[in-house]
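Undergrad: One structure coming up, written as structure tokens, with questions to follow.
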Amino acid sequence: MAELTVLRTPDPRLRRKAAPVRDFNGTLKKLAENMLETMYAEDGIGLAAIQVGVTSRLVTMDLSSARNHPRVLVNPEILSREGRVSHREGCLSVPDYYDYVERAARIRLRVMDLDGQAREEDCEGLEAICIQHEIDHLNGKLFIDYLSPMKRRRLLKKLGKLKRRETAPVL
Ligand code: GNR
Ligand code: NI
């Protein structure tokens, strides 16, 4: 297994749209394993392939507190949504920023496993929130896109400053 590098905003690669997985082969399984290792190393509850620079509709997740329930979602698709909830979110691609995002409280999901076997399931709570966050990644969307224009401007300014400081030339 190998740990992968997680891209951070404003990396334009986070804005690409991922394509459906069509080849259910060893390369896919290897990528899923490496994504799980990366997700655990970074203490995330979910990770989308887009975040490690791969434009495939592949997501890993583990919502258990013991971190021993790895899940792999291939080509996840929301069939229907119900209700609204607001939850404080964070993102491995947006370090050190957390804020409330409103999403559907319950979703019906169609998803495939690593062998291409499709099934449907109903999700709610943190699981439903995390899946919506990850599917957004697969469509090039970040949770900070939902912020009010004022909050967004403030955050982008802060990120811009951090970036400049990191790359400032040493005189
Ligand atoms: O680790 C994560 N925590 C989290 C908390 C609330 C809502 C969504 C998430 S996902 C995030 C990991 C991540 O960036 N996945 O894309
Ligand atoms: Ni994220």
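In the structure tokens, the first chain shown is A, the next is B, and so on; residue numbers restart at 1 for each chain, and ligands run from 1 in the order shown.
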From a backbone DSSP assignment, name each residue in stretch 12-74 of chain A labelled strand (DSSP E), as a VMD selection string.

TA: chain A and resid 46 to 48 58 to 61 71 to 74

Undergrad: Would you mind exporting the chosen residues as a PDB file, in the first residue's frame, restricted to all heavy atoms?

TA:
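Written output follows (part37.pdb):
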```
ATOM      1  N   GLY A  46     -13.917  10.380   5.056  1.00  0.00           N
ATOM      2  CA  GLY A  46     -14.179  10.040   3.660  1.00  0.00           C
ATOM      3  C   GLY A  46     -13.094  10.611   2.771  1.00  0.00           C
ATOM      4  O   GLY A  46     -12.349  11.509   3.184  1.00  0.00           O
ATOM      5  N   LEU A  47     -12.984  10.068   1.568  1.00  0.00           N
ATOM      6  CA  LEU A  47     -12.004  10.592   0.600  1.00  0.00           C
ATOM      7  C   LEU A  47     -12.511  10.267  -0.801  1.00  0.00           C
ATOM      8  O   LEU A  47     -12.942   9.143  -1.070  1.00  0.00           O
ATOM      9  CB  LEU A  47     -10.632   9.940   0.834  1.00  0.00           C
ATOM     10  CG  LEU A  47      -9.477  10.485  -0.005  1.00  0.00           C
ATOM     11  CD1 LEU A  47      -9.083  11.897   0.433  1.00  0.00           C
ATOM     12  CD2 LEU A  47      -8.252   9.564   0.098  1.00  0.00           C
ATOM     13  N   ALA A  48     -12.463  11.266  -1.684  1.00  0.00           N
ATOM     14  CA  ALA A  48     -12.868  11.055  -3.080  1.00  0.00           C
ATOM     15  C   ALA A  48     -11.615  11.000  -3.947  1.00  0.00           C
ATOM     16  O   ALA A  48     -10.637  11.706  -3.678  1.00  0.00           O
ATOM     17  CB  ALA A  48     -13.780  12.199  -3.533  1.00  0.00           C
ATOM     18  N   LEU A  58     -14.881   7.277  -7.562  1.00  0.00           N
ATOM     19  CA  LEU A  58     -14.498   6.320  -6.522  1.00  0.00           C
ATOM     20  C   LEU A  58     -14.356   7.068  -5.204  1.00  0.00           C
ATOM     21  O   LEU A  58     -13.760   8.141  -5.155  1.00  0.00           O
ATOM     22  CB  LEU A  58     -13.168   5.664  -6.917  1.00  0.00           C
ATOM     23  CG  LEU A  58     -12.513   4.717  -5.919  1.00  0.00           C
ATOM     24  CD1 LEU A  58     -13.385   3.481  -5.693  1.00  0.00           C
ATOM     25  CD2 LEU A  58     -11.140   4.299  -6.436  1.00  0.00           C
ATOM     26  N   VAL A  59     -14.939   6.493  -4.141  1.00  0.00           N
ATOM     27  CA  VAL A  59     -14.937   7.128  -2.819  1.00  0.00           C
ATOM     28  C   VAL A  59     -14.605   6.073  -1.766  1.00  0.00           C
ATOM     29  O   VAL A  59     -15.051   4.931  -1.872  1.00  0.00           O
ATOM     30  CB  VAL A  59     -16.344   7.724  -2.517  1.00  0.00           C
ATOM     31  CG1 VAL A  59     -16.493   8.078  -1.041  1.00  0.00           C
ATOM     32  CG2 VAL A  59     -16.611   8.942  -3.399  1.00  0.00           C
ATOM     33  N   THR A  60     -13.804   6.454  -0.755  1.00  0.00           N
ATOM     34  CA  THR A  60     -13.639   5.581   0.411  1.00  0.00           C
ATOM     35  C   THR A  60     -14.230   6.293   1.621  1.00  0.00           C
ATOM     36  O   THR A  60     -14.293   7.525   1.660  1.00  0.00           O
ATOM     37  CB  THR A  60     -12.149   5.256   0.697  1.00  0.00           C
ATOM     38  OG1 THR A  60     -11.434   6.480   0.878  1.00  0.00           O
ATOM     39  CG2 THR A  60     -11.540   4.478  -0.454  1.00  0.00           C
ATOM     40  N   MET A  61     -14.689   5.506   2.601  1.00  0.00           N
ATOM     41  CA  MET A  61     -15.332   6.071   3.790  1.00  0.00           C
ATOM     42  C   MET A  61     -15.115   5.154   4.983  1.00  0.00           C
ATOM     43  O   MET A  61     -15.005   3.945   4.809  1.00  0.00           O
ATOM     44  CB  MET A  61     -16.854   6.153   3.577  1.00  0.00           C
ATOM     45  CG  MET A  61     -17.350   7.456   2.998  1.00  0.00           C
ATOM     46  SD  MET A  61     -19.130   7.399   2.682  1.00  0.00           S
ATOM     47  CE  MET A  61     -19.772   7.137   4.308  1.00  0.00           C
ATOM     48  N   ARG A  71     -15.088   1.350   3.826  1.00  0.00           N
ATOM     49  CA  ARG A  71     -16.113   1.175   2.787  1.00  0.00           C
ATOM     50  C   ARG A  71     -15.608   1.782   1.489  1.00  0.00           C
ATOM     51  O   ARG A  71     -14.937   2.816   1.502  1.00  0.00           O
ATOM     52  CB  ARG A  71     -17.399   1.912   3.172  1.00  0.00           C
ATOM     53  CG  ARG A  71     -18.263   1.176   4.159  1.00  0.00           C
ATOM     54  CD  ARG A  71     -19.612   1.860   4.255  1.00  0.00           C
ATOM     55  NE  ARG A  71     -20.394   1.712   3.026  1.00  0.00           N
ATOM     56  CZ  ARG A  71     -21.518   2.356   2.776  1.00  0.00           C
ATOM     57  NH1 ARG A  71     -21.992   3.211   3.650  1.00  0.00           N
ATOM     58  NH2 ARG A  71     -22.178   2.156   1.657  1.00  0.00           N
ATOM     59  N   VAL A  72     -15.937   1.148   0.399  1.00  0.00           N
ATOM     60  CA  VAL A  72     -15.569   1.676  -0.917  1.00  0.00           C
ATOM     61  C   VAL A  72     -16.852   1.850  -1.724  1.00  0.00           C
ATOM     62  O   VAL A  72     -17.657   0.921  -1.826  1.00  0.00           O
ATOM     63  CB  VAL A  72     -14.604   0.719  -1.649  1.00  0.00           C
ATOM     64  CG1 VAL A  72     -14.286   1.264  -3.028  1.00  0.00           C
ATOM     65  CG2 VAL A  72     -13.328   0.518  -0.835  1.00  0.00           C
ATOM     66  N   LEU A  73     -17.064   3.050  -2.243  1.00  0.00           N
ATOM     67  CA  LEU A  73     -18.243   3.334  -3.068  1.00  0.00           C
ATOM     68  C   LEU A  73     -17.787   3.619  -4.492  1.00  0.00           C
ATOM     69  O   LEU A  73     -16.976   4.521  -4.717  1.00  0.00           O
ATOM     70  CB  LEU A  73     -19.005   4.550  -2.537  1.00  0.00           C
ATOM     71  CG  LEU A  73     -19.337   4.635  -1.045  1.00  0.00           C
ATOM     72  CD1 LEU A  73     -20.121   5.915  -0.770  1.00  0.00           C
ATOM     73  CD2 LEU A  73     -20.119   3.431  -0.577  1.00  0.00           C
ATOM     74  N   VAL A  74     -18.295   2.841  -5.444  1.00  0.00           N
ATOM     75  CA  VAL A  74     -17.953   3.054  -6.848  1.00  0.00           C
ATOM     76  C   VAL A  74     -19.190   3.584  -7.567  1.00  0.00           C
ATOM     77  O   VAL A  74     -20.294   3.047  -7.388  1.00  0.00           O
ATOM     78  CB  VAL A  74     -17.466   1.742  -7.502  1.00  0.00           C
ATOM     79  CG1 VAL A  74     -17.086   1.979  -8.958  1.00  0.00           C
ATOM     80  CG2 VAL A  74     -16.273   1.166  -6.732  1.00  0.00           C
TER      81      VAL A  74
END
```

Undergrad: So which bits of stretch 19-119 of chain A end up alpha helix (DSSP H) when you DSSP the backbone, as a PyMOL selection string?

TA: chain A and resi 26-41

Undergrad: Using only C-alpha atoms and all ligand atoms, which of A:Ile107, A:Val6, A:Ile78, A:Leu159 sits nearest ligand 2?

TA: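 Using only C-alpha atoms and all ligand atoms, the shortest distance to ligand 2 belongs to A:Val6.
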
Undergrad: What does the structure give for the distance between atom CA of A:Leu79 and atom CA of A:Arg110, in Å to one decimal?

TA: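 Atom CA of A:Arg110 lies 6.7 Å from atom CA of A:Leu79.
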
Undergrad: I'd like the neighbourhood of stretch 35-41 of chain A as a count of residues only, where a residue qualifies if any of its atoms comes within 12 Å (using only C-alpha atoms), though same-chain residues fewer than 5 positions away should be ignored.

TA: 38

Undergrad: Which residues are near A:Lys151? Cut-off 12 Å, only C-alpha atoms, ignore same chain within fewer than 5 positions. Put them as a PDB file with C-alpha atoms, in the first residue's frame.

TA:
```pdb
ATOM      1  CA  TYR A  97     -11.648  25.578   8.113  1.00  0.00           C
ATOM      2  CA  TYR A  98     -14.965  24.225   9.419  1.00  0.00           C
ATOM      3  CA  ASP A  99     -18.442  25.523   8.801  1.00  0.00           C
ATOM      4  CA  TYR A 100     -22.098  24.588   8.604  1.00  0.00           C
ATOM      5  CA  ILE A 144     -16.883  26.097   0.778  1.00  0.00           C
ATOM      6  CA  ASP A 145     -18.867  26.721  -2.431  1.00  0.00           C
ATOM      7  CA  TYR A 146     -22.003  26.813  -0.227  1.00  0.00           C
ATOM      8  CA  LEU A 156     -10.314  32.832  -0.045  1.00  0.00           C
ATOM      9  CA  LYS A 157      -8.397  35.891   1.138  1.00  0.00           C
ATOM     10  CA  LYS A 158      -7.026  33.898   4.080  1.00  0.00           C
TER      11      LYS A 158
END
```

Undergrad: May I ask which of the residues A:Pro149, A:His137, A:Arg81, A:Asp115 is the closest one to A:Thr27, counting only C-alpha atoms?

TA: A:Asp115

Undergrad: From the list A:Arg152, A:Arg8, A:Arg84, A:Arg13, which residue is nearest ligand 1 when using only C-alpha atoms and all ligand atoms?

TA: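 Closest to ligand 1 of all the choices is A:Arg8.
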
Undergrad: Rank nothing, just name the residue among A:Ala118, A:Ala32, A:Met112, A:Ala128 nearest to ligand 1, using only C-alpha atoms and all ligand atoms.

TA: A:Ala128

Undergrad: Just to confirm, what's the straight-line distance from atom CA of A:Glu77 to atom CA of A:Leu142 in Å (one decimal)?

TA: 17.3 Å

Undergrad: So, counting only C-alpha atoms and all ligand atoms, which residue among A:Asp43, A:Glu33, A:Glu102, A:Asp11 is closest to ligand 1?

TA: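 Among the listed residues, A:Asp43 lies closest to ligand 1.
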
Undergrad: Which of these residues is nearest to ligand 1, using only C-alpha atoms and all ligand atoms: A:Ser148, A:Asn34, A:Gln117, A:Gln132?

TA: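 The shortest atom-to-atom distance to ligand 1 comes from A:Gln132.
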